[in-house]
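Shown next: entry_3.txt, containing compact mmCIF, C-alpha atoms and all ligand atoms.
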```txt
# COMPACT_ATOMS: atom_id res chain seq x y z
CA MET A 115 -7.06 17.50 -72.98
CA SER A 116 -9.61 15.74 -70.86
CA ALA A 117 -9.96 11.96 -71.04
CA GLU A 118 -13.51 12.51 -72.27
CA LYS A 119 -12.29 14.71 -75.21
CA ARG A 120 -9.44 12.30 -75.97
CA LYS A 121 -11.91 9.41 -76.04
CA LYS A 122 -14.06 11.31 -78.48
CA LYS A 123 -11.04 12.15 -80.66
CA THR A 124 -9.23 8.76 -80.61
CA GLY A 125 -12.12 6.57 -79.69
CA ALA A 126 -10.08 4.90 -76.77
CA ALA A 127 -8.82 5.98 -73.27
CA ARG A 128 -5.10 5.60 -72.44
CA PRO A 129 -4.84 3.07 -69.58
CA PRO A 130 -4.03 4.90 -66.29
CA ALA A 131 -0.48 4.34 -64.99
CA SER A 132 -0.69 1.38 -62.63
CA LEU A 133 -0.37 2.12 -58.88
CA GLU A 134 0.39 -1.46 -57.98
CA PRO A 135 4.16 -1.61 -58.55
CA LEU A 136 4.56 1.67 -56.61
CA ARG A 137 2.44 0.35 -53.77
CA ARG A 138 4.52 -2.80 -53.70
CA GLU A 139 7.66 -0.66 -53.56
CA VAL A 140 6.26 1.35 -50.61
CA ASN A 141 5.28 -1.85 -48.79
CA GLY A 142 8.79 -3.19 -49.27
CA LEU A 143 10.32 0.07 -48.06
CA ASN A 144 8.03 0.00 -44.99
CA LEU A 145 9.33 -3.44 -44.11
CA GLU A 146 12.90 -2.34 -44.65
CA LEU A 147 12.28 0.69 -42.41
CA LEU A 148 10.73 -1.56 -39.77
CA ASP A 149 13.72 -3.84 -39.87
CA LEU A 150 16.12 -0.89 -39.71
CA LEU A 151 14.25 0.66 -36.78
CA ASN A 152 14.40 -2.58 -34.82
CA ARG A 153 18.07 -3.08 -35.63
CA ARG A 154 18.62 0.45 -34.39
CA ALA A 155 16.67 -0.36 -31.19
CA ASP A 156 18.87 -3.41 -30.73
CA ALA A 157 22.04 -1.34 -30.94
CA VAL A 158 20.59 1.26 -28.56
CA GLN A 159 19.74 -1.52 -26.10
CA ARG A 160 23.35 -2.69 -26.16
CA ILE A 161 24.58 0.86 -25.60
CA GLY A 162 22.18 1.12 -22.64
CA GLU A 163 23.49 -2.09 -21.11
CA ILE A 164 27.11 -0.93 -21.36
CA LYS A 165 26.21 2.47 -19.88
CA LYS A 166 24.36 0.81 -17.00
CA GLU A 167 27.32 -1.46 -16.30
CA GLN A 168 29.70 1.48 -16.26
CA GLY A 169 27.32 3.67 -14.24
CA LEU A 170 27.21 6.30 -17.02
CA VAL A 171 24.32 8.72 -17.54
CA THR A 172 21.93 7.30 -20.08
CA TYR A 173 20.71 10.45 -21.84
CA ASP A 174 23.35 12.24 -23.90
CA PRO A 175 21.97 15.42 -25.55
CA LEU A 176 25.30 16.22 -27.26
CA ARG A 177 25.36 12.88 -29.05
CA GLU A 178 21.75 13.44 -30.11
CA SER A 179 22.48 16.81 -31.67
CA GLN A 180 25.55 15.41 -33.47
CA MET A 181 23.42 12.62 -34.99
CA MET A 182 20.81 15.14 -36.10
CA GLU A 183 23.45 17.43 -37.64
CA LEU A 184 24.84 14.55 -39.70
CA LEU A 185 21.37 13.54 -40.87
CA LEU A 186 20.52 17.04 -42.05
CA LYS A 187 23.86 17.36 -43.84
CA LYS A 188 23.12 14.17 -45.77
CA ASN A 189 19.48 14.97 -46.46
CA ARG A 190 18.88 15.20 -50.23
CA GLY A 191 15.09 15.48 -50.07
CA PRO A 192 12.36 15.40 -51.08
CA PHE A 193 11.67 15.65 -47.34
CA PRO A 194 12.66 19.13 -46.09
CA ASP A 195 14.97 19.34 -43.06
CA SER A 196 12.03 20.25 -40.82
CA VAL A 197 10.29 16.93 -41.59
CA ILE A 198 13.50 14.93 -41.13
CA THR A 199 14.10 16.70 -37.81
CA ALA A 200 10.58 15.88 -36.57
CA LEU A 201 10.78 12.23 -37.66
CA PHE A 202 14.19 11.56 -36.10
CA LYS A 203 13.25 13.41 -32.91
CA GLU A 204 10.50 10.81 -32.45
CA ILE A 205 12.99 8.01 -33.05
CA PHE A 206 15.44 9.50 -30.54
CA LYS A 207 12.63 9.90 -27.98
CA ALA A 208 11.66 6.25 -28.35
CA SER A 209 15.29 5.24 -27.80
CA ALA A 210 15.59 7.43 -24.70
CA ARG A 211 12.48 5.75 -23.24
CA GLN A 212 13.96 2.37 -24.09
CA ILE A 213 17.20 3.15 -22.22
CA ASP A 214 15.34 4.66 -19.26
CA GLU A 215 13.34 1.49 -18.91
CA LEU A 216 16.53 -0.52 -18.91
CA ALA A 217 18.16 1.71 -16.30
CA ARG A 218 15.15 1.58 -13.97
CA VAL A 219 16.00 -0.43 -10.88
CA VAL A 220 13.15 -2.05 -9.00
CA ALA A 221 13.85 -1.38 -5.33
CA LYS A 222 14.19 -4.61 -3.37
CA THR A 223 12.27 -3.05 -0.50
CA SER A 224 9.26 -2.34 -2.74
CA ARG A 225 6.00 -4.20 -3.06
CA SER A 226 6.56 -4.50 -6.78
CA TYR A 227 9.73 -6.48 -6.05
CA ARG A 228 7.98 -8.77 -3.56
CA LYS A 229 4.20 -9.02 -3.36
CA ARG A 230 4.03 -11.10 -0.17
CA ASP A 231 4.88 -9.70 3.27
CA THR A 232 8.36 -10.52 4.46
CA VAL A 233 8.28 -12.45 7.72
CA VAL A 234 11.42 -11.93 9.79
CA ARG A 235 12.11 -15.04 11.83
CA VAL A 236 14.20 -14.78 14.95
CA ASP A 237 14.54 -18.19 16.49
CA ASP A 238 10.91 -19.38 16.70
CA LEU A 239 9.47 -15.86 16.67
CA ALA A 240 7.86 -14.66 13.43
CA ILE A 241 7.57 -10.91 12.89
CA GLY A 242 5.30 -9.49 10.18
CA GLY A 243 3.06 -11.14 7.61
CA GLY A 244 -0.04 -11.21 9.82
CA ASN A 245 1.65 -12.87 12.81
CA PRO A 246 0.59 -11.68 16.27
CA PRO A 247 2.18 -8.30 17.06
CA VAL A 248 5.50 -8.55 18.80
CA ILE A 249 6.45 -6.36 21.74
CA MET A 250 10.10 -5.46 22.20
CA ALA A 251 10.49 -4.03 25.67
CA GLY A 252 13.15 -3.19 28.20
CA PRO A 253 15.17 -0.33 29.54
CA CYS A 254 16.59 2.45 27.43
CA ALA A 255 20.08 1.37 28.52
CA VAL A 256 21.59 -1.66 30.17
CA GLU A 257 22.78 -0.25 33.51
CA SER A 258 23.64 -3.33 35.56
CA PHE A 259 22.92 -7.05 35.78
CA GLU A 260 20.48 -6.49 38.67
CA GLN A 261 18.58 -3.77 36.81
CA LEU A 262 18.13 -5.80 33.64
CA ASP A 263 17.39 -8.98 35.55
CA LYS A 264 14.53 -7.32 37.46
CA VAL A 265 12.99 -5.95 34.29
CA ALA A 266 13.49 -9.14 32.25
CA ARG A 267 11.86 -11.35 34.91
CA ARG A 268 8.68 -9.24 34.78
CA LEU A 269 8.67 -8.98 30.99
CA LYS A 270 8.96 -12.73 30.65
CA LYS A 271 5.96 -13.22 32.96
CA LEU A 272 3.96 -10.82 30.81
CA GLY A 273 4.66 -12.80 27.66
CA VAL A 274 7.24 -10.47 26.09
CA ARG A 275 9.63 -12.30 23.74
CA VAL A 276 12.22 -9.62 22.91
CA LEU A 277 14.26 -7.75 25.50
CA ARG A 278 15.68 -4.39 24.50
CA GLY A 279 18.51 -2.49 26.15
CA GLY A 280 21.19 -0.19 24.79
CA ALA A 281 24.84 -1.02 25.45
CA PHE A 282 26.17 1.60 23.04
CA LYS A 283 24.11 4.73 23.65
CA PRO A 284 24.00 7.54 21.10
CA ARG A 285 23.56 10.53 23.38
CA THR A 286 23.02 14.11 22.30
CA SER A 287 25.47 15.34 24.93
CA PRO A 288 28.93 13.79 25.05
CA TYR A 289 28.82 14.19 28.86
CA SER A 290 25.75 11.94 29.24
CA PHE A 291 25.96 8.21 30.04
CA GLN A 292 27.25 6.50 26.89
CA GLY A 293 26.31 2.94 27.84
CA LEU A 294 28.27 0.02 29.32
CA LYS A 295 29.46 -0.99 25.83
CA GLU A 296 30.91 -4.53 25.71
CA ARG A 297 30.02 -5.20 29.36
CA GLY A 298 26.46 -4.08 28.58
CA LEU A 299 26.28 -6.57 25.71
CA GLU A 300 27.46 -9.35 28.01
CA ILE A 301 24.84 -8.47 30.62
CA LEU A 302 22.13 -8.36 27.95
CA GLN A 303 23.14 -11.79 26.67
CA LEU A 304 23.37 -13.31 30.18
CA VAL A 305 20.04 -11.95 31.37
CA ALA A 306 18.25 -12.92 28.15
CA ALA A 307 19.62 -16.46 28.35
CA LYS A 308 18.56 -16.69 32.00
CA HIS A 309 14.95 -15.78 31.17
CA GLY A 310 14.69 -17.32 27.71
CA LEU A 311 14.30 -14.01 25.90
CA LEU A 312 15.54 -12.77 22.54
CA THR A 313 17.42 -9.47 22.41
CA VAL A 314 17.62 -6.28 20.39
CA THR A 315 20.34 -3.68 20.89
CA GLU A 316 21.81 -0.79 18.95
CA VAL A 317 25.04 -0.82 17.01
CA LEU A 318 26.59 2.59 16.43
CA ASP A 319 29.83 1.88 14.66
CA PRO A 320 30.51 -0.31 11.60
CA ARG A 321 33.57 -1.67 13.46
CA ASP A 322 31.31 -3.05 16.22
CA VAL A 323 28.91 -4.99 13.99
CA GLY A 324 30.69 -8.32 14.59
CA LEU A 325 30.86 -7.74 18.34
CA VAL A 326 27.19 -6.81 18.67
CA ALA A 327 26.13 -9.65 16.36
CA ASP A 328 27.99 -12.08 18.65
CA HIS A 329 25.87 -10.99 21.63
CA ALA A 330 22.42 -10.03 20.30
CA ASP A 331 19.64 -11.59 18.23
CA ILE A 332 18.50 -8.39 16.50
CA LEU A 333 20.75 -5.42 15.71
CA GLN A 334 19.25 -1.96 15.87
CA VAL A 335 20.12 1.04 13.74
CA GLY A 336 19.12 4.15 15.66
CA THR A 337 17.46 7.25 14.32
CA ARG A 338 20.76 9.18 14.24
CA ASN A 339 22.39 6.49 12.14
CA MET A 340 19.72 5.85 9.53
CA PHE A 341 21.78 7.95 7.12
CA ASN A 342 25.06 6.24 8.05
CA TYR A 343 25.59 4.39 4.79
CA GLU A 344 28.87 2.78 5.84
CA LEU A 345 27.11 1.23 8.84
CA LEU A 346 24.21 0.11 6.64
CA LYS A 347 26.59 -1.46 4.13
CA GLU A 348 28.37 -3.37 6.90
CA LEU A 349 25.02 -4.59 8.24
CA GLY A 350 24.10 -5.73 4.75
CA ARG A 351 26.89 -8.28 5.01
CA CYS A 352 25.74 -9.47 8.43
CA SER A 353 23.38 -12.42 8.80
CA LYS A 354 21.51 -11.16 11.88
CA PRO A 355 18.06 -9.53 11.62
CA LEU A 356 18.00 -5.76 11.79
CA LEU A 357 15.64 -3.21 13.20
CA ILE A 358 16.11 0.05 11.36
CA LYS A 359 14.64 3.16 12.91
CA ARG A 360 13.45 6.02 10.79
CA GLY A 361 15.76 9.03 10.89
CA PHE A 362 14.08 11.84 12.82
CA MET A 363 14.32 14.05 9.74
CA ALA A 364 13.98 11.37 7.08
CA THR A 365 11.22 11.09 4.53
CA LEU A 366 9.64 7.68 4.09
CA GLU A 367 11.41 7.37 0.76
CA GLU A 368 14.78 8.00 2.42
CA PHE A 369 13.85 5.51 5.13
CA LEU A 370 13.20 2.80 2.55
CA GLN A 371 16.39 3.73 0.71
CA ALA A 372 18.30 3.09 3.94
CA ALA A 373 16.75 -0.37 4.12
CA GLU A 374 17.59 -0.79 0.44
CA TYR A 375 21.30 -0.37 1.26
CA VAL A 376 21.06 -3.40 3.52
CA LEU A 377 18.81 -5.53 1.29
CA HIS A 378 20.92 -4.77 -1.74
CA ARG A 379 23.96 -6.23 0.05
CA GLY A 380 22.13 -9.45 0.82
CA ASN A 381 20.64 -9.14 4.31
CA GLU A 382 16.88 -9.49 3.82
CA ARG A 383 15.90 -9.74 7.49
CA ILE A 384 14.84 -6.16 8.07
CA ILE A 385 12.23 -4.71 10.39
CA LEU A 386 11.34 -1.04 9.92
CA CYS A 387 10.59 1.06 12.98
CA GLU A 388 8.71 4.36 12.97
CA ARG A 389 9.91 6.33 16.00
CA GLY A 390 8.63 9.81 15.35
CA ILE A 391 10.06 12.73 13.45
CA ARG A 392 11.07 16.21 14.51
CA THR A 393 8.40 18.86 14.04
CA PHE A 394 7.64 22.22 15.68
CA GLU A 395 5.54 20.44 18.33
CA ARG A 396 7.02 20.57 21.83
CA TRP A 397 4.41 18.70 23.90
CA THR A 398 5.76 15.41 22.62
CA ARG A 399 9.46 14.50 22.25
CA ASN A 400 8.91 13.73 18.56
CA THR A 401 5.80 13.59 16.38
CA LEU A 402 4.66 10.05 15.69
CA ASP A 403 3.89 9.80 12.00
CA ILE A 404 1.10 7.25 12.20
CA SER A 405 0.50 7.45 8.47
CA ALA A 406 3.99 5.97 8.04
CA VAL A 407 2.63 2.59 9.15
CA PRO A 408 0.07 1.94 6.39
CA ILE A 409 2.22 3.74 3.82
CA LEU A 410 5.30 1.64 4.57
CA LYS A 411 3.19 -1.50 4.55
CA THR A 412 1.75 -0.54 1.18
CA GLU A 413 5.00 0.56 -0.44
CA SER A 414 7.14 -2.16 1.07
CA HIS A 415 6.88 -5.83 2.07
CA LEU A 416 8.91 -5.39 5.26
CA PRO A 417 7.45 -5.62 8.78
CA VAL A 418 6.81 -2.29 10.52
CA LEU A 419 7.08 -1.60 14.24
CA VAL A 420 6.25 1.56 16.17
CA ASP A 421 8.43 2.80 19.01
CA VAL A 422 5.86 4.32 21.33
CA SER A 423 8.43 5.60 23.82
CA HIS A 424 10.83 7.65 21.71
CA SER A 425 8.04 8.90 19.44
CA THR A 426 6.12 10.43 22.33
CA GLY A 427 8.62 10.88 25.15
CA ARG A 428 5.61 10.64 27.49
CA LYS A 429 4.35 7.64 29.38
CA ASP A 430 0.85 9.08 29.89
CA ILE A 431 -0.11 8.59 26.23
CA VAL A 432 1.67 5.30 25.53
CA GLY A 433 -1.63 3.37 25.85
CA PRO A 434 -3.65 5.18 23.16
CA ILE A 435 -0.59 5.54 20.94
CA SER A 436 0.08 1.79 21.12
CA ARG A 437 -3.54 1.04 20.20
CA ALA A 438 -3.34 3.54 17.33
CA ALA A 439 -0.19 1.86 16.03
CA LEU A 440 -1.78 -1.60 16.10
CA ALA A 441 -5.00 -0.30 14.57
CA ALA A 442 -2.92 1.23 11.75
CA GLY A 443 -1.46 -2.22 11.03
CA ALA A 444 1.86 -2.19 12.91
CA ASP A 445 3.49 -5.60 13.27
CA GLY A 446 4.63 -4.74 16.76
CA LEU A 447 5.72 -2.16 19.28
CA MET A 448 8.85 -1.06 21.04
CA VAL A 449 8.41 0.16 24.60
CA GLU A 450 10.93 1.37 27.17
CA VAL A 451 10.48 -0.20 30.60
CA HIS A 452 12.59 0.27 33.74
CA HIS A 453 12.07 -1.07 37.27
CA ARG A 454 12.86 2.39 38.68
CA PRO A 455 12.45 4.91 35.85
CA GLN A 456 13.01 7.91 38.14
CA VAL A 457 16.67 6.91 38.60
CA ALA A 458 17.29 5.62 35.05
CA LEU A 459 20.57 6.78 33.55
CA SER A 460 18.90 7.78 30.28
CA ASP A 461 15.39 8.68 29.11
CA SER A 462 14.07 8.53 32.64
CA GLY A 463 10.98 10.60 31.81
CA GLN A 464 9.56 8.23 29.21
CA GLN A 465 10.23 4.74 30.61
CA LEU A 466 7.26 2.86 32.04
CA ASP A 467 7.67 1.20 35.41
CA LEU A 468 6.79 -2.49 35.76
CA PRO A 469 3.14 -2.04 36.92
CA GLN A 470 2.52 0.54 34.18
CA PHE A 471 3.89 -1.85 31.59
CA GLY A 472 1.76 -4.70 33.01
CA LYS A 473 -1.30 -2.49 32.63
CA LEU A 474 -0.35 -1.63 29.05
CA VAL A 475 0.00 -5.32 28.14
CA SER A 476 -3.44 -6.18 29.58
CA GLU A 477 -5.04 -3.23 27.78
CA LEU A 478 -3.46 -4.29 24.51
CA GLU A 479 -4.54 -7.91 24.94
CA LEU A 480 -8.10 -6.72 25.42
CA PHE A 481 -7.82 -4.36 22.48
CA LEU A 482 -6.53 -7.11 20.19
CA ARG A 483 -9.28 -9.49 21.28
CA GLU A 484 -11.95 -6.88 20.54
CA LYS A 485 -10.30 -5.86 17.33
CA GLY A 486 -10.25 -9.44 16.07
CA PRO A 487 -7.93 -10.82 13.43
CA ALA A 488 -9.46 -8.70 10.64
CA ALA A 489 -8.53 -5.29 12.01
CA GLY A 490 -4.99 -4.24 11.25
CA LYS A 491 -3.26 -6.92 9.26
CA GLY A 492 -0.19 -7.90 11.14
CA ALA A 493 -1.95 -7.99 14.51
C1 LIG B 1 16.81 3.53 21.40
O1 LIG B 1 15.86 2.83 20.99
O2 LIG B 1 17.55 3.19 22.32
C2 LIG B 1 17.06 4.83 20.75
C3 LIG B 1 18.13 5.56 21.03
O3 LIG B 1 16.10 5.20 19.89
P1 LIG B 1 16.16 6.25 18.68
O4 LIG B 1 17.36 5.90 17.86
O5 LIG B 1 14.87 6.05 18.00
O6 LIG B 1 16.26 7.61 19.34
MN MN B 2 15.83 5.66 25.05
```
Show this structure as structure tokens.
Ligand code: PEP
Ligand code: MN
Amino acid sequence: MSAEKRKKKTGAARPPASLEPLRREVNGLNLELLDLLNRRADAVQRIGEIKKEQGLVTYDPLRESQMMELLLKKNRGPFPDSVITALFKEIFKASARQIDELARVVAKTSRSYRKRDTVVRVDDLAIGGGNPPVIMAGPCAVESFEQLDKVARRLKKLGVRVLRGGAFKPRTSPYSFQGLKERGLEILQLVAAKHGLLTVTEVLDPRDVGLVADHADILQVGTRNMFNYELLKELGRCSKPLLIKRGFMATLEEFLQAAEYVLHRGNERIILCERGIRTFERWTRNTLDISAVPILKTESHLPVLVDVSHSTGRKDIVGPISRAALAAGADGLMVEVHHRPQVALSDSGQQLDLPQFGKLVSELELFLREKGPAAGKGA
């Protein structure tokens, strides 16, 4: 019977059942659900923290299906299983996101970890962060006191601050000159002290880190060793600045991960060095990845150098390549220089002689003056 008919018959409408108490009940249940959801999120957070501590995988699909099975077994309705499944799937998804967020590690090499450029200080020399570009120059290998002395004297006159020279040489052939080793380190230290220069030299073996650190100002990780995680870990414990070269087959992400190994262990004084990667091209020794410079400077806060000698393997293009590197924002260059490149014991084809290097320095000074401070941050 319609309300209208009932009204006519009885003369009064029955009051409609009140919605209010039911609405109040739903509101209360909402709040209880909210509280339960957040208590659940709290427990999930604690699980996430334990898993992170123990290095366990965060997402566990088996556990999720067991929880769902139990829920469906206990479901008495009125919601059908399909609705319960959909609702709890959303809750599980939210928890998975929550744990992922917790497990996400912000890389210490990344810009999001540190907004400002890292400036690596070696004595009174500041590398990176908009300081004038630094040139690290010298022979591929330390061959003798006389050789290094001749080169260092000229470099000093040209305003170079960092003398390079390998004492431990990673050579492709085991029959090639392997470097003077400890004697080479001693010569490097003596010559640098004589001319008031800082030094950079490669360390190949984790067992030699202490020895090389005793003789040099900056320790270099060569392209072949960028993936040598034991060496990187050892260098992470060392207090000397490092120059890490990009592996010749490494992506930029892998390159930064290598630096992360060192930073993560506590050594924050890292300079990255793009030195070319292996491609199909044969007219250069490697292919200089110039895009690496602005990308590394965007993705990371570390200073970036370009090795113009190993990346090209050719002295005839070192000038334009050096300008390109500085224009791209490099914080400095590495150049191989020998007083008599034709008789050098390694990399003789790519080392500049002293007049060629003098010419390069003058060209770069002119280039930097014309470029002004605005072009290429870091120059
Ligand atoms: C070097 O600089 O001496 C050297 C061997 O370079 P790379 O590791 O880039 O080949
Ligand atoms: Mn070399």
Considering only C-alpha atoms and all ligand atoms, tabulate each residue of chain A that lies at most 7 Å from ligand LIG 1 (chain B) along with its nearest interatomic pair and the corresponding distance in Å to one decimal; arrange the rows by chain and ascending residue number and present them as CSV.
```
residue,atom,partner,partner_atom,distance
A:Cys254,CA,B:LIG1,O2,5.3
A:Ala255,CA,B:LIG1,O2,6.9
A:Gly279,CA,B:LIG1,O2,6.9
A:Gly280,CA,B:LIG1,O2,5.5
A:Lys283,CA,B:LIG1,C3,6.6
A:Pro284,CA,B:LIG1,C3,6.2
A:Glu316,CA,B:LIG1,O2,6.7
A:Val335,CA,B:LIG1,O4,6.9
A:Gly336,CA,B:LIG1,O4,3.3
A:Thr337,CA,B:LIG1,O4,3.8
A:Arg338,CA,B:LIG1,O4,6.0
A:Lys359,CA,B:LIG1,O5,5.9
A:Arg389,CA,B:LIG1,O5,5.4
A:His424,CA,B:LIG1,O5,5.7
```
Keeping only C-alpha atoms, write the selected residues as an mmCIF file, in the frame of the given file.
```cif
data_model
loop_
_atom_site.group_PDB
_atom_site.id
_atom_site.type_symbol
_atom_site.label_atom_id
_atom_site.label_comp_id
_atom_site.auth_asym_id
_atom_site.auth_seq_id
_atom_site.Cartn_x
_atom_site.Cartn_y
_atom_site.Cartn_z
ATOM 1 C CA CYS A 254 16.590 2.450 27.430
ATOM 2 C CA ALA A 255 20.080 1.370 28.520
ATOM 3 C CA GLY A 279 18.510 -2.490 26.150
ATOM 4 C CA GLY A 280 21.190 -0.190 24.790
ATOM 5 C CA LYS A 283 24.110 4.730 23.650
ATOM 6 C CA PRO A 284 24.000 7.540 21.100
ATOM 7 C CA GLU A 316 21.810 -0.790 18.950
ATOM 8 C CA VAL A 335 20.120 1.040 13.740
ATOM 9 C CA GLY A 336 19.120 4.150 15.660
ATOM 10 C CA THR A 337 17.460 7.250 14.320
ATOM 11 C CA ARG A 338 20.760 9.180 14.240
ATOM 12 C CA LYS A 359 14.640 3.160 12.910
ATOM 13 C CA ARG A 389 9.910 6.330 16.000
ATOM 14 C CA HIS A 424 10.830 7.650 21.710
#
```
Set out as a Markdown table a contact list for chain A and ligand MN 2 (chain B) with a cut-off of 12 Å, giving each residue of chain A that qualifies its closest atom pair and distance in Å to one decimal, counting all atoms listed in the file, ordered by chain and rising residue number.
```
| residue | atom | partner | partner_atom | distance |
| --- | --- | --- | --- | --- |
| A:Ala251 | CA | B:MN2 | MN | 11.1 |
| A:Gly252 | CA | B:MN2 | MN | 9.8 |
| A:Pro253 | CA | B:MN2 | MN | 7.5 |
| A:Cys254 | CA | B:MN2 | MN | 4.1 |
| A:Ala255 | CA | B:MN2 | MN | 7.0 |
| A:Val256 | CA | B:MN2 | MN | 10.6 |
| A:Arg278 | CA | B:MN2 | MN | 10.1 |
| A:Gly279 | CA | B:MN2 | MN | 8.6 |
| A:Gly280 | CA | B:MN2 | MN | 7.9 |
| A:Ala281 | CA | B:MN2 | MN | 11.2 |
| A:Phe282 | CA | B:MN2 | MN | 11.3 |
| A:Lys283 | CA | B:MN2 | MN | 8.4 |
| A:Pro284 | CA | B:MN2 | MN | 9.3 |
| A:Arg285 | CA | B:MN2 | MN | 9.3 |
| A:Thr286 | CA | B:MN2 | MN | 11.4 |
| A:Phe291 | CA | B:MN2 | MN | 11.6 |
| A:Gln292 | CA | B:MN2 | MN | 11.6 |
| A:Gly293 | CA | B:MN2 | MN | 11.2 |
| A:Thr315 | CA | B:MN2 | MN | 11.2 |
| A:Glu316 | CA | B:MN2 | MN | 10.7 |
| A:Gly336 | CA | B:MN2 | MN | 10.1 |
| A:Thr337 | CA | B:MN2 | MN | 11.0 |
| A:Arg389 | CA | B:MN2 | MN | 10.8 |
| A:Arg399 | CA | B:MN2 | MN | 11.2 |
| A:Asp421 | CA | B:MN2 | MN | 10.0 |
| A:Val422 | CA | B:MN2 | MN | 10.7 |
| A:Ser423 | CA | B:MN2 | MN | 7.5 |
| A:His424 | CA | B:MN2 | MN | 6.3 |
| A:Ser425 | CA | B:MN2 | MN | 10.1 |
| A:Thr426 | CA | B:MN2 | MN | 11.2 |
| A:Gly427 | CA | B:MN2 | MN | 8.9 |
| A:Arg428 | CA | B:MN2 | MN | 11.6 |
| A:Met448 | CA | B:MN2 | MN | 10.5 |
| A:Val449 | CA | B:MN2 | MN | 9.2 |
| A:Glu450 | CA | B:MN2 | MN | 6.8 |
| A:Val451 | CA | B:MN2 | MN | 9.7 |
| A:His452 | CA | B:MN2 | MN | 10.7 |
| A:Pro455 | CA | B:MN2 | MN | 11.3 |
| A:Ala458 | CA | B:MN2 | MN | 10.1 |
| A:Leu459 | CA | B:MN2 | MN | 9.8 |
| A:Ser460 | CA | B:MN2 | MN | 6.4 |
| A:Asp461 | CA | B:MN2 | MN | 5.1 |
| A:Ser462 | CA | B:MN2 | MN | 8.3 |
| A:Gly463 | CA | B:MN2 | MN | 9.7 |
| A:Gln464 | CA | B:MN2 | MN | 8.0 |
| A:Gln465 | CA | B:MN2 | MN | 7.9 |
| A:Leu466 | CA | B:MN2 | MN | 11.4 |
```
Those selected residues, please, written with C-alpha atoms and delivered as a PDB file, in the frame of the given file.
```pdb
ATOM      1  CA  ALA A 251      10.490  -4.030  25.670  1.00  0.00           C
ATOM      2  CA  GLY A 252      13.150  -3.190  28.200  1.00  0.00           C
ATOM      3  CA  PRO A 253      15.170  -0.330  29.540  1.00  0.00           C
ATOM      4  CA  CYS A 254      16.590   2.450  27.430  1.00  0.00           C
ATOM      5  CA  ALA A 255      20.080   1.370  28.520  1.00  0.00           C
ATOM      6  CA  VAL A 256      21.590  -1.660  30.170  1.00  0.00           C
ATOM      7  CA  ARG A 278      15.680  -4.390  24.500  1.00  0.00           C
ATOM      8  CA  GLY A 279      18.510  -2.490  26.150  1.00  0.00           C
ATOM      9  CA  GLY A 280      21.190  -0.190  24.790  1.00  0.00           C
ATOM     10  CA  ALA A 281      24.840  -1.020  25.450  1.00  0.00           C
ATOM     11  CA  PHE A 282      26.170   1.600  23.040  1.00  0.00           C
ATOM     12  CA  LYS A 283      24.110   4.730  23.650  1.00  0.00           C
ATOM     13  CA  PRO A 284      24.000   7.540  21.100  1.00  0.00           C
ATOM     14  CA  ARG A 285      23.560  10.530  23.380  1.00  0.00           C
ATOM     15  CA  THR A 286      23.020  14.110  22.300  1.00  0.00           C
ATOM     16  CA  PHE A 291      25.960   8.210  30.040  1.00  0.00           C
ATOM     17  CA  GLN A 292      27.250   6.500  26.890  1.00  0.00           C
ATOM     18  CA  GLY A 293      26.310   2.940  27.840  1.00  0.00           C
ATOM     19  CA  THR A 315      20.340  -3.680  20.890  1.00  0.00           C
ATOM     20  CA  GLU A 316      21.810  -0.790  18.950  1.00  0.00           C
ATOM     21  CA  GLY A 336      19.120   4.150  15.660  1.00  0.00           C
ATOM     22  CA  THR A 337      17.460   7.250  14.320  1.00  0.00           C
ATOM     23  CA  ARG A 389       9.910   6.330  16.000  1.00  0.00           C
ATOM     24  CA  ARG A 399       9.460  14.500  22.250  1.00  0.00           C
ATOM     25  CA  ASP A 421       8.430   2.800  19.010  1.00  0.00           C
ATOM     26  CA  VAL A 422       5.860   4.320  21.330  1.00  0.00           C
ATOM     27  CA  SER A 423       8.430   5.600  23.820  1.00  0.00           C
ATOM     28  CA  HIS A 424      10.830   7.650  21.710  1.00  0.00           C
ATOM     29  CA  SER A 425       8.040   8.900  19.440  1.00  0.00           C
ATOM     30  CA  THR A 426       6.120  10.430  22.330  1.00  0.00           C
ATOM     31  CA  GLY A 427       8.620  10.880  25.150  1.00  0.00           C
ATOM     32  CA  ARG A 428       5.610  10.640  27.490  1.00  0.00           C
ATOM     33  CA  MET A 448       8.850  -1.060  21.040  1.00  0.00           C
ATOM     34  CA  VAL A 449       8.410   0.160  24.600  1.00  0.00           C
ATOM     35  CA  GLU A 450      10.930   1.370  27.170  1.00  0.00           C
ATOM     36  CA  VAL A 451      10.480  -0.200  30.600  1.00  0.00           C
ATOM     37  CA  HIS A 452      12.590   0.270  33.740  1.00  0.00           C
ATOM     38  CA  PRO A 455      12.450   4.910  35.850  1.00  0.00           C
ATOM     39  CA  ALA A 458      17.290   5.620  35.050  1.00  0.00           C
ATOM     40  CA  LEU A 459      20.570   6.780  33.550  1.00  0.00           C
ATOM     41  CA  SER A 460      18.900   7.780  30.280  1.00  0.00           C
ATOM     42  CA  ASP A 461      15.390   8.680  29.110  1.00  0.00           C
ATOM     43  CA  SER A 462      14.070   8.530  32.640  1.00  0.00           C
ATOM     44  CA  GLY A 463      10.980  10.600  31.810  1.00  0.00           C
ATOM     45  CA  GLN A 464       9.560   8.230  29.210  1.00  0.00           C
ATOM     46  CA  GLN A 465      10.230   4.740  30.610  1.00  0.00           C
ATOM     47  CA  LEU A 466       7.260   2.860  32.040  1.00  0.00           C
TER      48      LEU A 466
END
```
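Atom to atom, atom CA of Arg138 of chain A and atom CA of Leu150 of chain A stand 18.3 Å apart.
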